[in-house]
>>> print(open('structure_13.cif').read())   # mmCIF, C-alpha atoms
data_structure
loop_
_atom_site.label_atom_id
_atom_site.label_comp_id
_atom_site.auth_asym_id
_atom_site.auth_seq_id
_atom_site.Cartn_x
_atom_site.Cartn_y
_atom_site.Cartn_z
CA MET A 290 -20.51 3.06 -17.11
CA THR A 291 -19.97 0.61 -19.98
CA ILE A 292 -17.30 -1.17 -17.95
CA ALA A 293 -19.72 -1.48 -15.03
CA VAL A 294 -22.40 -3.06 -17.23
CA LEU A 295 -20.02 -5.50 -18.90
CA ALA A 296 -18.42 -6.46 -15.57
CA ALA A 297 -21.83 -7.01 -13.95
CA LEU A 298 -22.98 -9.23 -16.82
CA ALA A 299 -19.71 -11.18 -16.65
CA ALA A 300 -20.22 -11.62 -12.91
CA GLY A 301 -23.74 -12.89 -13.52
CA ALA A 302 -22.53 -15.40 -16.10
CA CYS A 303 -19.78 -16.64 -13.78
CA PHE A 304 -22.19 -16.93 -10.86
CA ALA A 305 -24.58 -18.88 -13.09
CA LEU A 306 -21.95 -21.40 -14.18
CA ALA A 307 -20.63 -21.64 -10.62
CA GLY A 308 -24.08 -22.43 -9.29
CA VAL A 309 -24.73 -25.07 -11.95
CA LEU A 310 -21.42 -26.84 -11.31
CA GLN A 311 -21.79 -26.77 -7.54
CA GLN A 312 -25.41 -27.89 -7.54
CA ARG A 313 -24.72 -30.67 -10.00
CA ALA A 314 -21.94 -32.01 -7.80
CA ALA A 315 -23.86 -31.56 -4.55
CA SER A 316 -27.07 -33.12 -5.84
CA ALA A 317 -25.25 -36.41 -6.42
CA ARG A 318 -24.25 -36.75 -2.77
CA PRO A 319 -26.34 -39.01 -0.48
CA ASP A 320 -29.09 -37.59 1.74
CA THR A 321 -27.15 -38.59 4.85
CA GLU A 322 -24.58 -35.87 4.13
CA THR A 323 -27.05 -32.97 4.23
CA LEU A 324 -25.93 -30.29 6.73
CA SER A 325 -22.91 -32.47 7.51
CA TRP A 326 -19.27 -31.42 7.25
CA ARG A 327 -18.71 -34.64 5.33
CA LEU A 328 -20.61 -33.06 2.44
CA LEU A 329 -17.97 -30.34 2.10
CA ARG A 330 -15.13 -32.83 2.46
CA GLN A 331 -16.50 -35.01 -0.31
CA LEU A 332 -17.30 -32.09 -2.60
CA ALA A 333 -13.79 -30.69 -2.14
CA ARG A 334 -12.48 -33.83 -3.88
CA GLN A 335 -14.49 -33.21 -7.04
CA PRO A 336 -12.87 -31.12 -9.82
CA ALA A 337 -16.24 -29.87 -11.11
CA TRP A 338 -17.21 -28.51 -7.70
CA LEU A 339 -13.80 -26.87 -7.26
CA ALA A 340 -14.21 -25.29 -10.71
CA GLY A 341 -17.55 -23.90 -9.51
CA ILE A 342 -15.87 -22.37 -6.47
CA GLY A 343 -13.20 -20.87 -8.73
CA LEU A 344 -15.85 -19.34 -10.97
CA ALA A 345 -17.60 -17.87 -7.93
CA VAL A 346 -14.34 -16.21 -6.87
CA LEU A 347 -13.93 -14.85 -10.40
CA ALA A 348 -17.51 -13.58 -10.29
CA TYR A 349 -16.80 -11.62 -7.11
CA GLY A 350 -13.83 -10.08 -8.90
CA PHE A 351 -16.05 -8.94 -11.77
CA GLN A 352 -18.60 -7.67 -9.25
CA SER A 353 -15.94 -5.58 -7.51
CA LEU A 354 -14.82 -4.20 -10.88
CA GLY A 355 -18.40 -3.29 -11.74
CA LEU A 356 -18.89 -1.50 -8.43
CA ALA A 357 -15.68 0.45 -9.02
CA PHE A 358 -17.17 1.96 -12.19
CA GLY A 359 -20.89 2.04 -11.44
CA PRO A 360 -23.43 2.31 -8.60
CA LEU A 361 -24.84 -0.67 -6.71
CA SER A 362 -28.31 0.14 -8.09
CA LEU A 363 -26.98 -0.65 -11.59
CA VAL A 364 -24.56 -3.51 -10.90
CA GLN A 365 -26.63 -5.68 -8.56
CA PRO A 366 -29.77 -5.86 -10.75
CA LEU A 367 -27.62 -6.95 -13.70
CA ILE A 368 -25.94 -9.67 -11.65
CA VAL A 369 -29.27 -11.31 -10.77
CA THR A 370 -29.71 -12.08 -14.45
CA GLU A 371 -27.66 -15.17 -13.54
CA LEU A 372 -31.01 -16.86 -12.87
CA VAL A 373 -31.98 -16.56 -16.53
CA PHE A 374 -28.83 -18.47 -17.49
CA ALA A 375 -28.34 -20.86 -14.56
CA ILE A 376 -31.76 -22.45 -14.15
CA PRO A 377 -32.39 -23.25 -17.86
CA LEU A 378 -28.81 -24.56 -18.18
CA SER A 379 -29.28 -26.77 -15.13
CA ALA A 380 -32.52 -28.15 -16.54
CA ARG A 381 -30.91 -28.68 -19.94
CA LEU A 382 -28.07 -30.68 -18.44
CA ALA A 383 -30.69 -32.84 -16.72
CA ARG A 384 -32.36 -33.34 -20.13
CA THR A 385 -35.52 -31.55 -19.06
CA ARG A 386 -37.23 -28.60 -20.75
CA LEU A 387 -38.72 -25.71 -18.87
CA GLY A 388 -42.35 -25.00 -19.68
CA ALA A 389 -44.15 -21.65 -19.74
CA ARG A 390 -44.79 -21.82 -15.99
CA GLU A 391 -41.14 -22.40 -15.17
CA TRP A 392 -39.89 -19.70 -17.54
CA GLY A 393 -42.44 -17.34 -16.07
CA GLY A 394 -41.21 -18.12 -12.56
CA VAL A 395 -37.57 -17.57 -13.49
CA LEU A 396 -38.32 -14.27 -15.22
CA ALA A 397 -40.55 -13.15 -12.33
CA VAL A 398 -37.79 -13.73 -9.78
CA ALA A 399 -35.04 -12.16 -11.88
CA GLY A 400 -37.18 -9.23 -13.00
CA GLY A 401 -38.66 -8.69 -9.56
CA LEU A 402 -35.24 -8.65 -7.90
CA ALA A 403 -33.83 -6.30 -10.52
CA LEU A 404 -36.79 -3.95 -10.09
CA ALA A 405 -36.64 -3.98 -6.29
CA LEU A 406 -32.89 -3.43 -6.12
CA SER A 407 -32.80 -0.69 -8.73
CA THR A 408 -35.62 1.30 -7.14
CA ALA A 409 -34.74 0.81 -3.45
CA ARG A 410 -31.19 2.12 -4.02
CA PRO A 411 -29.72 1.75 -0.50
CA HIS A 412 -27.45 4.67 0.30
CA GLY A 413 -25.86 6.60 3.13
CA GLY A 414 -24.42 4.79 6.10
CA ALA A 415 -22.05 7.19 7.81
CA ARG A 416 -21.49 5.30 11.07
CA PRO A 417 -17.85 4.21 11.11
CA ASP A 418 -17.92 2.63 14.57
CA VAL A 419 -20.94 0.66 15.70
CA GLY A 420 -21.51 -0.21 19.33
CA LEU A 421 -21.96 -3.74 20.58
CA GLY A 422 -25.72 -3.31 21.10
CA PRO A 423 -26.73 -3.06 17.40
CA TRP A 424 -24.42 -5.96 16.58
CA LEU A 425 -26.08 -8.15 19.22
CA TRP A 426 -29.53 -7.24 17.93
CA THR A 427 -28.48 -8.09 14.41
CA LEU A 428 -26.84 -11.36 15.47
CA GLY A 429 -29.96 -12.33 17.37
CA ALA A 430 -32.21 -11.59 14.40
CA VAL A 431 -29.97 -13.51 11.99
CA GLY A 432 -29.74 -16.50 14.32
CA GLY A 433 -33.50 -16.49 14.92
CA VAL A 434 -34.37 -16.48 11.21
CA VAL A 435 -31.82 -19.20 10.47
CA LEU A 436 -33.18 -21.44 13.22
CA ALA A 437 -36.76 -20.79 12.07
CA ALA A 438 -35.86 -21.66 8.46
CA LEU A 439 -34.14 -24.88 9.51
CA SER A 440 -37.15 -25.78 11.66
CA VAL A 441 -39.46 -25.29 8.67
CA ARG A 442 -37.08 -27.42 6.63
CA ARG A 443 -37.68 -30.38 8.94
CA SER A 444 -41.42 -30.32 8.25
CA THR A 445 -41.23 -29.91 4.46
CA ALA A 446 -40.08 -32.02 1.55
CA GLY A 447 -39.07 -31.72 -2.08
CA ALA A 448 -38.28 -28.33 -3.56
CA TRP A 449 -39.74 -26.56 -0.52
CA GLN A 450 -37.14 -28.21 1.71
CA ALA A 451 -34.32 -26.97 -0.51
CA SER A 452 -35.84 -23.48 -0.45
CA ALA A 453 -36.00 -23.49 3.36
CA THR A 454 -32.33 -24.43 3.58
CA ALA A 455 -31.52 -21.79 0.95
CA LEU A 456 -33.38 -19.23 3.06
CA ALA A 457 -31.12 -20.03 6.01
CA ALA A 458 -28.08 -19.87 3.73
CA GLY A 459 -29.15 -16.55 2.22
CA VAL A 460 -29.60 -14.99 5.66
CA VAL A 461 -26.13 -16.15 6.74
CA MET A 462 -24.47 -14.98 3.52
CA GLY A 463 -26.26 -11.63 3.65
CA PHE A 464 -24.81 -11.09 7.11
CA GLN A 465 -21.47 -12.35 5.84
CA SER A 466 -21.37 -9.58 3.24
CA VAL A 467 -21.81 -7.02 6.02
CA LEU A 468 -18.98 -8.56 8.05
CA LEU A 469 -16.80 -8.62 4.94
CA SER A 470 -17.46 -4.94 4.30
CA VAL A 471 -16.49 -4.07 7.88
CA THR A 472 -13.35 -6.20 7.71
CA VAL A 473 -12.20 -4.70 4.41
CA SER A 474 -12.76 -1.17 5.71
CA ARG A 475 -10.45 -1.87 8.65
CA PHE A 476 -7.46 -2.48 6.38
CA ASP A 477 -7.13 1.31 6.13
CA GLN A 478 -6.19 1.22 9.84
CA GLY A 479 -3.59 -1.50 9.35
CA VAL A 480 -3.37 -5.27 9.62
CA ALA A 481 -3.36 -5.10 13.42
CA ALA A 482 -6.80 -3.49 13.40
CA VAL A 483 -8.13 -6.36 11.30
CA ALA A 484 -6.45 -9.07 13.39
CA THR A 485 -7.75 -7.69 16.69
CA ALA A 486 -11.37 -7.16 15.60
CA TRP A 487 -13.86 -9.84 16.65
CA GLN A 488 -15.80 -9.33 13.42
CA THR A 489 -12.86 -10.79 11.48
CA TYR A 490 -13.13 -14.14 13.25
CA LEU A 491 -16.91 -14.13 13.10
CA LEU A 492 -16.56 -13.56 9.34
CA VAL A 493 -14.54 -16.76 9.00
CA ALA A 494 -17.06 -18.80 10.99
CA VAL A 495 -20.05 -17.34 9.16
CA SER A 496 -18.43 -17.92 5.76
CA VAL A 497 -17.80 -21.60 6.48
CA GLY A 498 -21.28 -22.10 7.91
CA GLY A 499 -22.84 -20.30 4.95
CA LEU A 500 -20.91 -22.49 2.51
CA LEU A 501 -22.23 -25.64 4.22
CA LEU A 502 -25.81 -24.33 4.10
CA ILE A 503 -25.54 -23.37 0.42
CA GLN A 504 -24.19 -26.75 -0.61
CA SER A 505 -26.84 -28.50 1.49
CA ALA A 506 -29.51 -26.48 -0.29
CA PHE A 507 -27.99 -27.44 -3.64
CA GLN A 508 -27.87 -31.06 -2.50
CA GLU A 509 -31.51 -31.14 -1.39
CA GLY A 510 -33.22 -29.93 -4.55
CA PRO A 511 -33.03 -28.44 -8.06
CA LEU A 512 -31.28 -25.14 -8.69
CA ALA A 513 -34.62 -23.45 -9.30
CA ALA A 514 -35.58 -24.09 -5.67
CA SER A 515 -32.36 -22.86 -4.09
CA MET A 516 -30.68 -20.20 -6.23
CA THR A 517 -33.84 -18.09 -6.50
CA VAL A 518 -34.22 -17.94 -2.72
CA LEU A 519 -30.50 -17.28 -2.22
CA ASP A 520 -30.51 -14.42 -4.71
CA MET A 521 -33.49 -12.82 -3.02
CA THR A 522 -32.53 -13.32 0.62
CA GLU A 523 -28.87 -12.34 0.53
CA PRO A 524 -29.28 -8.71 -0.66
CA ALA A 525 -32.40 -8.25 1.49
CA VAL A 526 -30.51 -9.24 4.65
CA ALA A 527 -27.46 -7.19 3.67
CA ILE A 528 -29.65 -4.11 3.16
CA ALA A 529 -31.55 -4.67 6.41
CA ALA A 530 -28.33 -5.18 8.38
CA GLY A 531 -26.81 -2.11 6.78
CA THR A 532 -29.81 -0.09 7.88
CA VAL A 533 -29.57 -1.27 11.48
CA LEU A 534 -25.80 -1.12 11.84
CA PHE A 535 -24.64 1.71 9.63
CA GLY A 536 -27.68 3.94 9.26
CA GLU A 537 -28.17 3.20 5.57
CA SER A 538 -31.53 4.17 4.11
CA LEU A 539 -33.65 3.25 1.11
CA TYR A 540 -34.90 5.60 -1.53
CA LEU A 541 -38.55 6.36 -0.83
CA GLY A 542 -40.92 8.11 -3.19
CA PRO A 543 -44.43 7.97 -4.65
CA VAL A 544 -43.16 6.01 -7.64
CA ALA A 545 -40.06 4.21 -6.34
CA THR A 546 -41.64 2.65 -3.24
CA PRO A 547 -44.59 0.98 -5.02
CA LEU A 548 -42.16 -0.32 -7.65
CA THR A 549 -39.92 -1.77 -4.94
CA VAL A 550 -42.89 -3.51 -3.34
CA LEU A 551 -44.02 -4.77 -6.76
CA GLY A 552 -40.55 -6.19 -7.38
CA VAL A 553 -40.58 -8.07 -4.08
CA VAL A 554 -44.06 -9.45 -4.77
CA LEU A 555 -43.02 -10.58 -8.25
CA ALA A 556 -39.93 -12.34 -6.91
CA LEU A 557 -41.91 -14.11 -4.18
CA SER A 558 -44.59 -15.21 -6.63
CA GLY A 559 -41.90 -16.58 -8.95
CA ILE A 560 -40.36 -18.61 -6.11
CA VAL A 561 -43.74 -20.08 -5.16
CA SER A 562 -44.49 -20.89 -8.80
CA LEU A 563 -41.18 -22.70 -9.22
CA ASP A 564 -41.37 -24.59 -5.92
CA SER A 565 -44.84 -25.88 -6.77
CA SER A 566 -43.98 -26.66 -10.41
CA PRO A 567 -44.41 -30.28 -11.55
CA VAL A 568 -41.28 -29.97 -13.71
CA VAL A 569 -39.21 -28.88 -10.71
CA ALA A 570 -40.77 -31.70 -8.69
CA ALA A 571 -39.75 -34.15 -11.41
CA LEU A 572 -36.19 -32.81 -11.34
CA HIS A 573 -36.16 -33.31 -7.58
CA ARG A 574 -37.31 -36.92 -7.92
CA GLN A 575 -34.64 -37.53 -10.54
CA GLU A 576 -31.89 -36.08 -8.37
CA ARG A 577 -33.12 -38.01 -5.34
CA ARG A 578 -33.06 -41.23 -7.35
CA GLY A 579 -29.50 -40.44 -8.36
CA ARG A 580 -28.47 -39.81 -4.76
CA ASN A 581 -29.96 -43.09 -3.64
CA GLU A 582 -28.12 -44.93 -6.40
CA ALA A 583 -24.90 -43.18 -5.43
CA ALA A 584 -25.37 -44.18 -1.80
CA ASP A 585 -25.99 -47.79 -2.81
CA ASP A 586 -22.94 -47.84 -5.07
CA GLU A 587 -20.65 -46.17 -2.56
CA GLY A 588 -21.57 -48.12 0.53
CA ASP A 589 -19.80 -47.49 3.78
CA ASP A 590 -16.42 -48.58 2.40
CA ASP A 591 -16.17 -45.99 -0.41
CA PRO A 592 -15.80 -42.53 1.13
CA ASP A 593 -14.28 -41.03 -1.98
CA GLY A 594 -17.54 -40.97 -3.94
CA GLU A 595 -15.91 -42.27 -7.13
CA THR A 596 -19.23 -43.26 -8.67
CA ASP A 597 -20.81 -39.79 -8.61
CA GLY A 598 -20.13 -39.03 -12.27
CA GLU A 599 -21.56 -42.39 -13.30
CA THR A 600 -24.64 -41.75 -11.20
CA ASP A 601 -25.13 -38.38 -12.88
CA ARG A 602 -25.13 -40.03 -16.30
CA ASP A 603 -27.52 -42.72 -15.21
CA ALA A 604 -29.84 -40.16 -13.63
CA GLY A 605 -29.82 -38.10 -16.82
CA THR A 606 -31.10 -41.01 -18.92
CA SER A 607 -34.16 -41.37 -16.70
CA THR A 608 -35.37 -37.82 -17.13
CA ALA A 609 -37.89 -38.74 -19.79
CA GLU A 610 -39.61 -40.96 -17.25
CA ALA A 611 -39.55 -38.31 -14.55
CA ALA A 612 -40.60 -35.27 -16.58
CA PRO A 613 -44.34 -34.56 -16.76
CA ASP A 614 -46.16 -34.28 -20.08
CA GLY A 615 -43.40 -36.26 -21.79
CA ARG A 616 -40.98 -33.29 -21.97
CA ALA A 617 -37.38 -34.44 -22.15
#
>>> encode(input="structure_13.cif", output="structure tokens")
Amino acid sequence: MTIAVLAALAAGACFALAGVLQQRAASARPDTETLSWRLLRQLARQPAWLAGIGLAVLAYGFQSLGLAFGPLSLVQPLIVTELVFAIPLSARLARTRLGAREWGGVLAVAGGLALALSTARPHGGARPDVGLGPWLWTLGAVGGVVLAALSVRRSTAGAWQASATALAAGVVMGFQSVLLSVTVSRFDQGVAAVATAWQTYLLVAVSVGGLLLIQSAFQEGPLAASMTVLDMTEPAVAIAAGTVLFGESLYLGPVATPLTVLGVVLALSGIVSLDSSPVVAALHRQERRGRNEAADDEGDDDPDGETDGETDRDAGTSTAEAAPDGRA
């Protein structure tokens, strides 16, 4: 059990650093690249972003190690502690301090998620082969929520826009985790079983689409507006899909169920508090200013984005002007 705890905490730390590095790189890209494949092409040329991807891969390795020695109800709640590290670190790098409201929002999301996941305890799921019908229902639900989130994104701005994109990304990545689980389980039947399954190819497409949505969410707003929604949506969708497809069930009881609901409410209230925070709004304005400067410096003749690091430094020096109440 000790190995599970240490591995889960290591995964959370790696996820936190990965998110900070990726968001910092993505936030410097121009607005015109949002939800565009060009965003991924440009980010793939930046060492910091690639380091973030590497840390994310390492985090999944630690997560797998934790799950090998401990239950999901222990490992997953510990991993969401990444929020407590990632969001303050991101604000610190932007030379902005989190106030009581922002710290309260971060702790509410992290604590609420940990409470909900540890009390819901999804279990069971003894359906090895699922018919096409449940898959189509699940695909339809995932596609509908993603389209709805992206539609809401078009009518919002600021941190709320980043959260809407993160909602779409979280839904896609939650479904991706289900496809990954199915694909991995097929390796017991041989490589041919994996290569001939349609879920394998859908996994590839969903993974690439999810990566684009995540980076677009990072590009659109501060980490507090995107990572919190991602961390809440992804496990929720994975659990819901597991229930529909594999017959998994949640632990229900007179104490556990109210605690699960309380955890969800806490997490949602924390997200709303952060999205409406003046400090988060100031961070968004700072990042937007940096993106505009980067776009002006790059122009149409500089596709390599060589001025991104310089823009980051310039944006950082203006935080004192952007932060409310003189916090810097």
>>> residues_around(input="structure_13.cif", residues="region 424-427 of chain A", least_positions_apart="2", cutoff="10 Å", atoms="all atoms listed in the file", output="list of chain:residue names")
A:Val419, A:Gly420, A:Leu421, A:Gly422, A:Gly429, A:Ala430, A:Val431, A:Gly432, A:Gly433, A:Phe464, A:Gln488, A:Ala529, A:Ala530, A:Gly531, A:Val533, A:Leu534
>>> resolve_selection(input="structure_13.cif", expression="the PyMOL selection byres ((chain A and resi 318-325) around 6)", output="ChimeraX atom specification")
/A:315-317,326-328,505,580,584
>>> write_last_selection(input="structure_13.cif", atoms="C-alpha atoms", output="compact mmCIF listing (two decimals), in the coordinates of the input")
# COMPACT_ATOMS: atom_id res chain seq x y z
CA ALA A 315 -23.86 -31.56 -4.55
CA SER A 316 -27.07 -33.12 -5.84
CA ALA A 317 -25.25 -36.41 -6.42
CA TRP A 326 -19.27 -31.42 7.25
CA ARG A 327 -18.71 -34.64 5.33
CA LEU A 328 -20.61 -33.06 2.44
CA SER A 505 -26.84 -28.50 1.49
CA ARG A 580 -28.47 -39.81 -4.76
CA ALA A 584 -25.37 -44.18 -1.80
>>> residues_around(input="structure_13.cif", residues="Leu456 (chain A)", least_positions_apart="2", cutoff="7 Å", atoms="only C-alpha atoms", output="PyMOL selection string")
chain A and resi 438+452-454+458-460+518-519+522
>>> resolve_selection(input="structure_13.cif", expression="the PyMOL selection byres ((chain A and resi 469) around 12)", output="PDB file with C-alpha atoms, in the frame of the given file")
ATOM      1  CA  MET A 462     -24.470 -14.980   3.520  1.00  0.00           C
ATOM      2  CA  GLY A 463     -26.260 -11.630   3.650  1.00  0.00           C
ATOM      3  CA  PHE A 464     -24.810 -11.090   7.110  1.00  0.00           C
ATOM      4  CA  GLN A 465     -21.470 -12.350   5.840  1.00  0.00           C
ATOM      5  CA  SER A 466     -21.370  -9.580   3.240  1.00  0.00           C
ATOM      6  CA  VAL A 467     -21.810  -7.020   6.020  1.00  0.00           C
ATOM      7  CA  LEU A 468     -18.980  -8.560   8.050  1.00  0.00           C
ATOM      8  CA  SER A 470     -17.460  -4.940   4.300  1.00  0.00           C
ATOM      9  CA  VAL A 471     -16.490  -4.070   7.880  1.00  0.00           C
ATOM     10  CA  THR A 472     -13.350  -6.200   7.710  1.00  0.00           C
ATOM     11  CA  VAL A 473     -12.200  -4.700   4.410  1.00  0.00           C
ATOM     12  CA  SER A 474     -12.760  -1.170   5.710  1.00  0.00           C
ATOM     13  CA  ARG A 475     -10.450  -1.870   8.650  1.00  0.00           C
ATOM     14  CA  PHE A 476      -7.460  -2.480   6.380  1.00  0.00           C
ATOM     15  CA  VAL A 483      -8.130  -6.360  11.300  1.00  0.00           C
ATOM     16  CA  GLN A 488     -15.800  -9.330  13.420  1.00  0.00           C
ATOM     17  CA  THR A 489     -12.860 -10.790  11.480  1.00  0.00           C
ATOM     18  CA  TYR A 490     -13.130 -14.140  13.250  1.00  0.00           C
ATOM     19  CA  LEU A 491     -16.910 -14.130  13.100  1.00  0.00           C
ATOM     20  CA  LEU A 492     -16.560 -13.560   9.340  1.00  0.00           C
ATOM     21  CA  VAL A 493     -14.540 -16.760   9.000  1.00  0.00           C
ATOM     22  CA  ALA A 494     -17.060 -18.800  10.990  1.00  0.00           C
ATOM     23  CA  VAL A 495     -20.050 -17.340   9.160  1.00  0.00           C
ATOM     24  CA  SER A 496     -18.430 -17.920   5.760  1.00  0.00           C
ATOM     25  CA  ALA A 527     -27.460  -7.190   3.670  1.00  0.00           C
TER      26      ALA A 527
END
>>> atom_distance(input="structure_13.cif", atom1="CA of Ala300 (chain A)", atom2="CA of Phe351 (chain A)")
5.1 Å
>>> closest_residue(input="structure_13.cif", among="A:Gly355, A:Gly559, A:Pro423, A:Gly401", to="Ala513 (chain A)", atoms="only C-alpha atoms")
A:Gly559
>>> atom_distance(input="structure_13.cif", atom1="CA of Tyr540 (chain A)", atom2="CA of Arg410 (chain A)")
5.7 Å
>>> closest_residue(input="structure_13.cif", among="A:Leu512, A:Ala451, A:Met521, A:Val346", to="Ala314 (chain A)", atoms="only C-alpha atoms")
A:Leu512
>>> atom_distance(input="structure_13.cif", atom1="CA of Ser538 (chain A)", atom2="CA of Val373 (chain A)")
29.3 Å
>>> closest_residue(input="structure_13.cif", among="A:Leu501, A:Ala571, A:Ala302, A:Leu367", to="Val461 (chain A)", atoms="only C-alpha atoms")
A:Leu501
>>> resolve_selection(input="structure_13.cif", expression="the PyMOL selection byres ((chain A and resi 337) around 12)", output="PyMOL selection string")
chain A and resi 306-315+331-336+338-344+597-598
>>> residues_around(input="structure_13.cif", residues="Leu406 (chain A)", least_positions_apart="5", cutoff="10 Å", atoms="only C-alpha atoms", output="list in words")
Leu361, Ser362, Leu363, Val364, Gln365, Pro366, Leu367, Val369, Gly400, Gly401, Pro411, Met521, Pro524, Ala525, Ile528, Leu539, Leu548, Thr549, Gly552 and Val553 of chain A
>>> closest_residue(input="structure_13.cif", among="A:Trp392, A:Thr445, A:Ser562, A:Leu439", to="Ala380 (chain A)", atoms="all atoms listed in the file")
A:Trp392
>>> residues_around(input="structure_13.cif", residues="Ala455 (chain A)", least_positions_apart="6", cutoff="8 Å", atoms="all atoms listed in the file", output="PDB file with C-alpha atoms, in the coordinates of the input")
ATOM      1  CA  LEU A 502     -25.810 -24.330   4.100  1.00  0.00           C
ATOM      2  CA  ILE A 503     -25.540 -23.370   0.420  1.00  0.00           C
ATOM      3  CA  ALA A 506     -29.510 -26.480  -0.290  1.00  0.00           C
ATOM      4  CA  SER A 515     -32.360 -22.860  -4.090  1.00  0.00           C
ATOM      5  CA  MET A 516     -30.680 -20.200  -6.230  1.00  0.00           C
ATOM      6  CA  VAL A 518     -34.220 -17.940  -2.720  1.00  0.00           C
ATOM      7  CA  LEU A 519     -30.500 -17.280  -2.220  1.00  0.00           C
TER       8      LEU A 519
END
>>> residues_around(input="structure_13.cif", residues="Gly542 (chain A)", least_positions_apart="5", cutoff="10 Å", atoms="only C-alpha atoms", output="list in words")
Thr408, Ala409, Pro547 and Leu548 of chain A
>>> residues_near_point(input="structure_13.cif", point="(-16.9, -9.3, -9.8)", cutoff="10 Å", atoms="only C-alpha atoms", output="PyMOL selection string")
chain A and resi 293+296-301+303-304+345-357+364+368
>>> decode(input="structure_13.cif", residues="region 461-466 of chain A", atoms="all heavy atoms", output="mmCIF file, in the first residue's frame")
data_model
loop_
_atom_site.group_PDB
_atom_site.id
_atom_site.type_symbol
_atom_site.label_atom_id
_atom_site.label_comp_id
_atom_site.auth_asym_id
_atom_site.auth_seq_id
_atom_site.Cartn_x
_atom_site.Cartn_y
_atom_site.Cartn_z
ATOM 1 N N VAL A 461 -13.742 13.868 -24.103
ATOM 2 C CA VAL A 461 -13.025 13.057 -25.087
ATOM 3 C C VAL A 461 -11.992 12.165 -24.407
ATOM 4 O O VAL A 461 -11.881 10.965 -24.702
ATOM 5 C CB VAL A 461 -12.349 13.959 -26.138
ATOM 6 C CG1 VAL A 461 -11.415 13.139 -27.029
ATOM 7 C CG2 VAL A 461 -13.406 14.646 -26.994
ATOM 8 N N MET A 462 -11.232 12.734 -23.461
ATOM 9 C CA MET A 462 -10.190 11.951 -22.808
ATOM 10 C C MET A 462 -10.759 10.916 -21.842
ATOM 11 O O MET A 462 -10.148 9.863 -21.617
ATOM 12 C CB MET A 462 -9.218 12.876 -22.081
ATOM 13 C CG MET A 462 -8.437 13.804 -23.005
ATOM 14 S SD MET A 462 -7.617 12.943 -24.374
ATOM 15 C CE MET A 462 -6.376 12.007 -23.473
ATOM 16 N N GLY A 463 -11.917 11.189 -21.263
ATOM 17 C CA GLY A 463 -12.576 10.181 -20.446
ATOM 18 C C GLY A 463 -12.980 8.977 -21.279
ATOM 19 O O GLY A 463 -12.814 7.814 -20.873
ATOM 20 N N PHE A 464 -13.504 9.246 -22.479
ATOM 21 C CA PHE A 464 -13.850 8.164 -23.393
ATOM 22 C C PHE A 464 -12.597 7.471 -23.904
ATOM 23 O O PHE A 464 -12.583 6.257 -24.126
ATOM 24 C CB PHE A 464 -14.665 8.733 -24.554
ATOM 25 C CG PHE A 464 -15.172 7.693 -25.519
ATOM 26 C CD1 PHE A 464 -15.950 6.641 -25.086
ATOM 27 C CD2 PHE A 464 -14.869 7.771 -26.869
ATOM 28 C CE1 PHE A 464 -16.421 5.672 -25.966
ATOM 29 C CE2 PHE A 464 -15.322 6.822 -27.761
ATOM 30 C CZ PHE A 464 -16.099 5.759 -27.306
ATOM 31 N N GLN A 465 -11.519 8.243 -24.074
ATOM 32 C CA GLN A 465 -10.260 7.664 -24.523
ATOM 33 C C GLN A 465 -9.737 6.638 -23.521
ATOM 34 O O GLN A 465 -9.190 5.606 -23.894
ATOM 35 C CB GLN A 465 -9.220 8.773 -24.728
ATOM 36 C CG GLN A 465 -7.895 8.284 -25.283
ATOM 37 C CD GLN A 465 -6.772 8.293 -24.252
ATOM 38 O OE1 GLN A 465 -7.041 8.305 -23.047
ATOM 39 N NE2 GLN A 465 -5.561 8.276 -24.711
ATOM 40 N N SER A 466 -9.903 6.912 -22.229
ATOM 41 C CA SER A 466 -9.420 5.976 -21.219
ATOM 42 C C SER A 466 -10.176 4.656 -21.290
ATOM 43 O O SER A 466 -9.607 3.583 -21.033
ATOM 44 C CB SER A 466 -9.546 6.597 -19.821
ATOM 45 O OG SER A 466 -10.905 6.780 -19.470
#
